[in-house]
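What follows is one structure encoded as C-alpha cells, with my remarks underneath.
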Amino acid sequence: ELFEKLIMPPLEKRRLEWMKTIAEALSALEEKQKCVLDDLASNDVFIDTVMTATQAAVRNSQAEKREALKNTVLNAALPNPPDESRQQIFVGLVDTLTVWHLRILRFFADPARVFQEQGKQAPQYMITGSLSQLLTTAYPELKIERELYDQIGKDLYNRGLLGTDGFHTVMSGSGVHGKRTTVLGDQFLKFISEPK
C-alpha cells in the first residue's frame with residue numbers, strides 16, 4: 001500500500017508525460033515528411049526501441065536523459081537508423097550512464113563547440129596542457145571531483161565510446177583540443193541527439 005501511494009502516482013505521471021512527448025515529436029516528424037507513422041506501426045525494431053526507451057524514461061527523472069531517450073525514438077523513426085543491436089545498446093547506455101557521462105562524452109567529441117555553446121573562450125595552452133585542465137575549465141564544478149570524472153572517463157573508455165582512458169597525461173597545447181570519441185561514441189552521440 002505504501003509503495004502504491006508513494007511510488008505509483010509519480011511513475012504514472014512520468015509515463016503519461018513521456019507518451020505525450022513522444023506522440024507530439026513523432027507527429028512533428030511526420031509533418032516534416034521525415035517518417036510515415038503508419039509504416040512505423042509494423043516496424044518491429046522501432047517498436048522494440050520505443051518500448052526499451054519508454055521503460056528507461058519512466059525510471060529516469062533527469063531532463064537530459066529523458067531528452068536523449070526521446071531522441072533515440074525519433075532517430076529510430078527516421079530512414080536508415082542504426083541496426084537493431086546498436087539501437088538497443090545505445091538506449092541501454094542512456095539508461096545506465098549518468099548525465100555527467102553524457103556531458104563528458106559530448107565534450108570530448110568537440111571541446112570547442114561546448115565552449116562556444118557556453119559562451120566561453122576555449123583556453124589556449126602555449127606549450128602543454130592536459131584533458132583534465134580543459135574539462136575542468138569547461139565545467140568548473142568538476143575541479144574538486146577528480147575521482148568522479150576519472151571514473152567516468154574509465155567507464156566511457158571501457159564501453160568503447162572514448163579513445164583515451166586517462167585525462168591527466170600532459171600533451172601539446174594544440175593536441176588537447178582534439179576529438180577523443182571513437183566511431184562508436186560518435187554513432188551513440190548522433191543517435192541520442194535531436195535529429196537534424
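We name chains A, B, ... following the order of the C-alpha cells; residues begin at 1 in each chain, and ligands are numbered from 1 as shown.
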Write out as a tab-separated table the residues of stretch 62-83 of chain A that have any atom within 7 Å of an atom of stretch 187-192 of chain A, one row each with the nearest atom pair and its distance in Å to one decimal, counting only C-alpha atoms, sorted by chain and then rising number.
```
residue	atom	partner	partner_atom	distance
A:Ala68	CA	A:Ile192	CA	4.7
A:Leu69	CA	A:Ile192	CA	6.6
A:Asn71	CA	A:Ile192	CA	5.1
A:Thr72	CA	A:Ile192	CA	5.1
A:Asn75	CA	A:Phe191	CA	6.0
```
Residue selection dump (C-alpha atoms) as a PDB file, in the first residue's frame:
```pdb
ATOM      1  CA  ALA A  68      18.321  11.732 -25.006  1.00  0.00           C
ATOM      2  CA  LEU A  69      15.807   8.873 -24.789  1.00  0.00           C
ATOM      3  CA  ASN A  71      15.896  11.478 -29.443  1.00  0.00           C
ATOM      4  CA  THR A  72      16.626   7.740 -29.663  1.00  0.00           C
ATOM      5  CA  ASN A  75      16.197   8.786 -34.736  1.00  0.00           C
TER       6      ASN A  75
END
```
Step one, run DSSP on the backbone; step two, keep only residues of stretch 108-190 of chain A assigned to strand (DSSP E or B); then write them as a ChimeraX atom specification. /A:128-130,162,170-172,181
Go ahead and dump the residues you just picked, N, CA, C and O atoms, as a compact mmCIF listing (two decimals), in the first residue's frame.
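Result file is selection.txt:
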```
# COMPACT_ATOMS: atom_id res chain seq x y z
N THR A 128 52.12 23.06 -23.24
CA THR A 128 51.48 21.79 -22.90
C THR A 128 50.21 22.04 -22.11
O THR A 128 50.00 23.10 -21.53
N GLY A 129 49.37 21.03 -22.09
CA GLY A 129 48.14 21.05 -21.31
C GLY A 129 47.66 19.63 -21.10
O GLY A 129 48.28 18.68 -21.57
N SER A 130 46.56 19.49 -20.41
CA SER A 130 46.00 18.15 -20.20
C SER A 130 44.49 18.20 -20.42
O SER A 130 43.87 19.26 -20.36
N LEU A 162 35.03 6.28 -25.77
CA LEU A 162 36.09 7.27 -25.68
C LEU A 162 37.41 6.59 -25.99
O LEU A 162 37.65 5.47 -25.54
N VAL A 170 50.08 14.84 -19.93
CA VAL A 170 50.46 16.14 -20.48
C VAL A 170 50.72 15.96 -21.97
O VAL A 170 51.38 15.01 -22.39
N MET A 171 50.16 16.86 -22.77
CA MET A 171 50.33 16.78 -24.23
C MET A 171 50.52 18.17 -24.79
O MET A 171 50.43 19.16 -24.06
N SER A 172 50.76 18.25 -26.08
CA SER A 172 50.98 19.55 -26.70
C SER A 172 49.73 20.42 -26.54
O SER A 172 48.61 19.91 -26.46
N THR A 181 36.48 11.02 -29.03
CA THR A 181 35.47 9.97 -29.12
C THR A 181 35.83 8.97 -30.21
O THR A 181 36.51 9.30 -31.18
```
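In this model, the gap between atom CA of A:Phe108 and atom CA of A:Thr96 comes to 19.4 Å.
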Which is closer to A:Pro81 than all the others in A:Glu145, A:Val45, A:Arg59, A:Arg15, using only C-alpha atoms? A:Val45
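Restricting the calculation to only C-alpha atoms, the smallest distance between A:Pro111 and any of A:Asp95, A:Ser61, A:Thr136, A:Ser42 is found for A:Thr136.
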Counting only C-alpha atoms, the residue of A:Thr164, A:Thr182, A:Gln33, A:Thr52 that sits nearest A:Leu93: A:Thr52
For A:Glu30, which residue out of A:Val176, A:Ala77, A:Ala53, A:Leu11 is the nearest one, using only C-alpha atoms? A:Ala77
Find the residues near A:Leu29: any atom within 8 Å, counting only C-alpha atoms, skip ones fewer than 5 places away on the same chain, and give them as a ChimeraX atom specification. /A:34-35,74
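Atom pair atom CA of A:Pro79 / atom CA of A:Leu26 has a distance of 13.3 Å (rounded to one decimal).
For the atom pair formed by atom CA of A:Gly160 and atom CA of A:Leu184, the distance is 6.7 Å, given to one decimal.
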What lies within 12 Å of A:Leu148 using only C-alpha atoms, ignoring chain neighbours under 4 positions off, as an mmCIF file with N, CA and C atoms, in the first residue's frame?
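Generated file (selection-v2.cif):
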```cif
data_model
loop_
_atom_site.group_PDB
_atom_site.id
_atom_site.type_symbol
_atom_site.label_atom_id
_atom_site.label_comp_id
_atom_site.auth_asym_id
_atom_site.auth_seq_id
_atom_site.Cartn_x
_atom_site.Cartn_y
_atom_site.Cartn_z
ATOM 1 N N THR A 98 25.317 8.110 -16.353
ATOM 2 C CA THR A 98 24.823 9.306 -15.676
ATOM 3 C C THR A 98 24.798 10.487 -16.645
ATOM 4 N N TRP A 100 26.473 13.113 -16.216
ATOM 5 C CA TRP A 100 27.866 13.519 -16.374
ATOM 6 C C TRP A 100 28.586 12.680 -17.421
ATOM 7 N N HIS A 101 28.271 11.403 -17.511
ATOM 8 C CA HIS A 101 28.844 10.574 -18.578
ATOM 9 C C HIS A 101 28.491 11.174 -19.942
ATOM 10 N N ILE A 104 30.324 14.599 -20.500
ATOM 11 C CA ILE A 104 31.766 14.461 -20.725
ATOM 12 C C ILE A 104 32.040 13.836 -22.086
ATOM 13 N N SER A 132 42.314 17.014 -18.450
ATOM 14 C CA SER A 132 41.654 17.378 -17.194
ATOM 15 C C SER A 132 41.573 18.897 -17.039
ATOM 16 N N GLU A 141 32.786 23.020 -11.790
ATOM 17 C CA GLU A 141 32.280 22.224 -10.668
ATOM 18 C C GLU A 141 32.987 20.876 -10.548
ATOM 19 N N LEU A 142 33.681 20.448 -11.599
ATOM 20 C CA LEU A 142 34.408 19.179 -11.564
ATOM 21 C C LEU A 142 35.814 19.309 -10.971
ATOM 22 N N LYS A 143 36.267 20.537 -10.711
ATOM 23 C CA LYS A 143 37.627 20.723 -10.201
ATOM 24 C C LYS A 143 37.877 19.948 -8.921
ATOM 25 N N ILE A 144 36.871 19.829 -8.076
ATOM 26 C CA ILE A 144 37.031 19.093 -6.818
ATOM 27 C C ILE A 144 36.481 17.673 -6.919
ATOM 28 N N ILE A 152 34.375 8.218 -14.587
ATOM 29 C CA ILE A 152 33.536 8.376 -15.781
ATOM 30 C C ILE A 152 34.363 8.164 -17.041
ATOM 31 N N GLY A 153 35.575 8.720 -17.055
ATOM 32 C CA GLY A 153 36.456 8.518 -18.205
ATOM 33 C C GLY A 153 36.767 7.051 -18.436
ATOM 34 N N LYS A 154 37.040 6.319 -17.365
ATOM 35 C CA LYS A 154 37.308 4.872 -17.488
ATOM 36 C C LYS A 154 36.068 4.132 -17.992
ATOM 37 N N ASP A 155 34.901 4.503 -17.464
ATOM 38 C CA ASP A 155 33.649 3.878 -17.917
ATOM 39 C C ASP A 155 33.462 4.076 -19.420
ATOM 40 N N PHE A 167 42.792 11.308 -18.238
ATOM 41 C CA PHE A 167 42.680 12.724 -18.569
ATOM 42 C C PHE A 167 43.879 13.551 -18.100
#
```
Write out as number ranges by chain the set of residues from chain A that DSSP, computed on the backbone, places in alpha helix (DSSP H). A: 2-6, 8-31, 37-40, 44-59, 63-77, 84-96, 99-109, 111-118, 131-138, 146-158, 183-191
From the list A:Thr169, A:Gln55, A:Ser85, A:Gln151, the nearest residue to A:Leu134 using only C-alpha atoms is A:Thr169
Nearest to A:Leu37 by atom-to-atom distance, counting only C-alpha atoms, from A:Met19, A:Leu78, A:Ala63, A:Pro9: A:Leu78
